[in-house]
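Below is work.cif, which holds mmCIF, C-alpha atoms; chains and numbers go by the auth columns.
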```cif
data_run
loop_
_atom_site.group_PDB
_atom_site.id
_atom_site.type_symbol
_atom_site.label_atom_id
_atom_site.label_comp_id
_atom_site.label_asym_id
_atom_site.label_seq_id
_atom_site.Cartn_x
_atom_site.Cartn_y
_atom_site.Cartn_z
_atom_site.B_iso_or_equiv
_atom_site.auth_seq_id
_atom_site.auth_asym_id
ATOM 1 C CA MET A 1 5.012 0.322 16.667 0.00 1 A
ATOM 2 C CA ILE A 2 5.918 -2.084 13.879 0.00 2 A
ATOM 3 C CA LEU A 3 6.626 0.690 11.369 0.00 3 A
ATOM 4 C CA SER A 4 9.190 2.244 13.699 0.00 4 A
ATOM 5 C CA LEU A 5 10.957 -1.096 14.064 0.00 5 A
ATOM 6 C CA VAL A 6 10.964 -1.673 10.304 0.00 6 A
ATOM 7 C CA GLN A 7 12.433 1.777 9.701 0.00 7 A
ATOM 8 C CA HIS A 8 15.056 1.269 12.406 0.00 8 A
ATOM 9 C CA LEU A 9 16.103 -2.004 10.765 0.00 9 A
ATOM 10 C CA GLU A 10 16.067 -0.296 7.339 0.00 10 A
ATOM 11 C CA LEU A 11 13.650 -2.849 5.914 0.00 11 A
ATOM 12 C CA HIS A 12 11.112 -2.275 3.157 0.00 12 A
ATOM 13 C CA THR A 13 7.494 -2.767 4.155 0.00 13 A
ATOM 14 C CA VAL A 14 4.246 -3.099 2.219 0.00 14 A
ATOM 15 C CA ALA A 15 0.950 -2.278 3.901 0.00 15 A
ATOM 16 C CA GLU A 16 -1.780 -4.568 2.592 0.00 16 A
ATOM 17 C CA GLY A 17 -5.528 -4.148 2.834 0.00 17 A
ATOM 18 C CA VAL A 18 -5.658 -0.348 2.636 0.00 18 A
ATOM 19 C CA GLU A 19 -9.319 0.513 2.062 0.00 19 A
ATOM 20 C CA LEU A 20 -9.813 3.985 3.555 0.00 20 A
ATOM 21 C CA ASP A 21 -8.234 7.398 2.981 0.00 21 A
ATOM 22 C CA GLU A 22 -7.670 7.588 6.736 0.00 22 A
ATOM 23 C CA GLN A 23 -5.565 4.416 6.609 0.00 23 A
ATOM 24 C CA LYS A 24 -3.539 5.795 3.708 0.00 24 A
ATOM 25 C CA GLU A 25 -2.943 9.091 5.511 0.00 25 A
ATOM 26 C CA PHE A 26 -1.873 7.281 8.695 0.00 26 A
ATOM 27 C CA LEU A 27 0.610 5.153 6.773 0.00 27 A
ATOM 28 C CA GLN A 28 1.989 8.180 4.913 0.00 28 A
ATOM 29 C CA GLN A 29 2.429 10.072 8.188 0.00 29 A
ATOM 30 C CA HIS A 30 4.353 7.103 9.570 0.00 30 A
ATOM 31 C CA LYS A 31 6.578 6.874 6.489 0.00 31 A
ATOM 32 C CA CYS A 32 5.199 3.666 5.016 0.00 32 A
ATOM 33 C CA PRO A 33 5.950 4.208 1.315 0.00 33 A
ATOM 34 C CA THR A 34 4.276 1.175 -0.251 0.00 34 A
ATOM 35 C CA MET A 35 0.601 0.279 0.066 0.00 35 A
ATOM 36 C CA GLN A 36 -1.935 -1.878 -1.689 0.00 36 A
ATOM 37 C CA GLY A 37 -5.623 -2.502 -1.259 0.00 37 A
ATOM 38 C CA TYR A 38 -9.105 -1.784 -2.522 0.00 38 A
ATOM 39 C CA LEU A 39 -8.568 1.961 -2.067 0.00 39 A
ATOM 40 C CA PHE A 40 -6.225 1.851 -5.061 0.00 40 A
ATOM 41 C CA SER A 41 -7.792 -0.936 -7.142 0.00 41 A
ATOM 42 C CA ARG A 42 -9.936 -3.994 -6.776 0.00 42 A
ATOM 43 C CA PRO A 43 -8.570 -7.219 -8.271 0.00 43 A
ATOM 44 C CA LEU A 44 -8.811 -7.138 -12.064 0.00 44 A
ATOM 45 C CA PRO A 45 -9.065 -9.845 -14.699 0.00 45 A
ATOM 46 C CA ALA A 46 -5.818 -10.193 -16.676 0.00 46 A
ATOM 47 C CA ALA A 47 -7.311 -8.583 -19.795 0.00 47 A
ATOM 48 C CA GLU A 48 -8.342 -5.451 -17.876 0.00 48 A
ATOM 49 C CA LEU A 49 -4.942 -5.264 -16.210 0.00 49 A
ATOM 50 C CA GLU A 50 -3.216 -5.367 -19.601 0.00 50 A
ATOM 51 C CA VAL A 51 -5.351 -2.426 -20.792 0.00 51 A
ATOM 52 C CA LEU A 52 -4.624 -0.486 -17.598 0.00 52 A
ATOM 53 C CA LEU A 53 -0.871 -1.021 -17.923 0.00 53 A
ATOM 54 C CA SER A 54 -0.682 -0.147 -21.637 0.00 54 A
#
```

Could you take the file, read its structure, and then write that structure out as structure tokens?
Amino acid sequence: MILSLVQHLELHTVAEGVELDEQKEFLQQHKCPTMQGYLFSRPLPAAELEVLLS
């Protein structure tokens, strides 16, 4: 599995395209610490992002 190889090489990985809770749970169980995708947020216009980050 790719995640096992990445961990063995002590590399940082980002899982992209996470859309389902099941995908998130799988990645957490396999020690993938960083994820992005529609499950967390859809793309936002810059103005909305500024409000979210403030």

Exercise for the section: Would you kindly return, as a list in words, each protein, DNA or RNA residue with an atom no farther than 12 Å from any atom of Leu20 (chain A), considering only C-alpha atoms and excluding same-chain residues fewer than 4 positions away? Expected result: Glu16, Lys24, Glu25, Phe26, Leu27, Met35, Gln36, Gly37, Tyr38, Leu39, Phe40 and Ser41 of chain A

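This file, queried with the PyMOL selection byres ((chain A and resi 2-6) around 10), gives the residues Met1, Gln7, His8, Leu9, Glu10, Leu11, His12, Thr13, Ala15, Leu27, His30, Lys31 and Cys32 of chain A.
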
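Rounded to one decimal, CA of Pro43 (chain A) and CA of Gln23 (chain A) lie 19.1 Å from each other.
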
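Interatomic distance, CA of Asp21 (chain A) against CA of Ser54 (chain A): 26.8 Å.
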
Fill in the blank from the handout: From CA of Glu19 (chain A) to CA of Arg42 (chain A) the spacing works out at 9.9 Å

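For the choices A:Ala46, A:Glu22, A:Gly17, A:Val51, the atom-to-atom distance to Thr34 (chain A) is smallest for A:Gly17 when using only C-alpha atoms.
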
If you take every atom of region 9-19 of chain A that the file lists and fit an axis-aligned box around them with 8 Å extra on each side, what centre and edge lengths come out in Å to one decimal, as JSON?
```
{"center_x": 3.4, "center_y": -2.0, "center_z": 6.4, "size_x": 41.4, "size_y": 21.1, "size_z": 24.7}
```
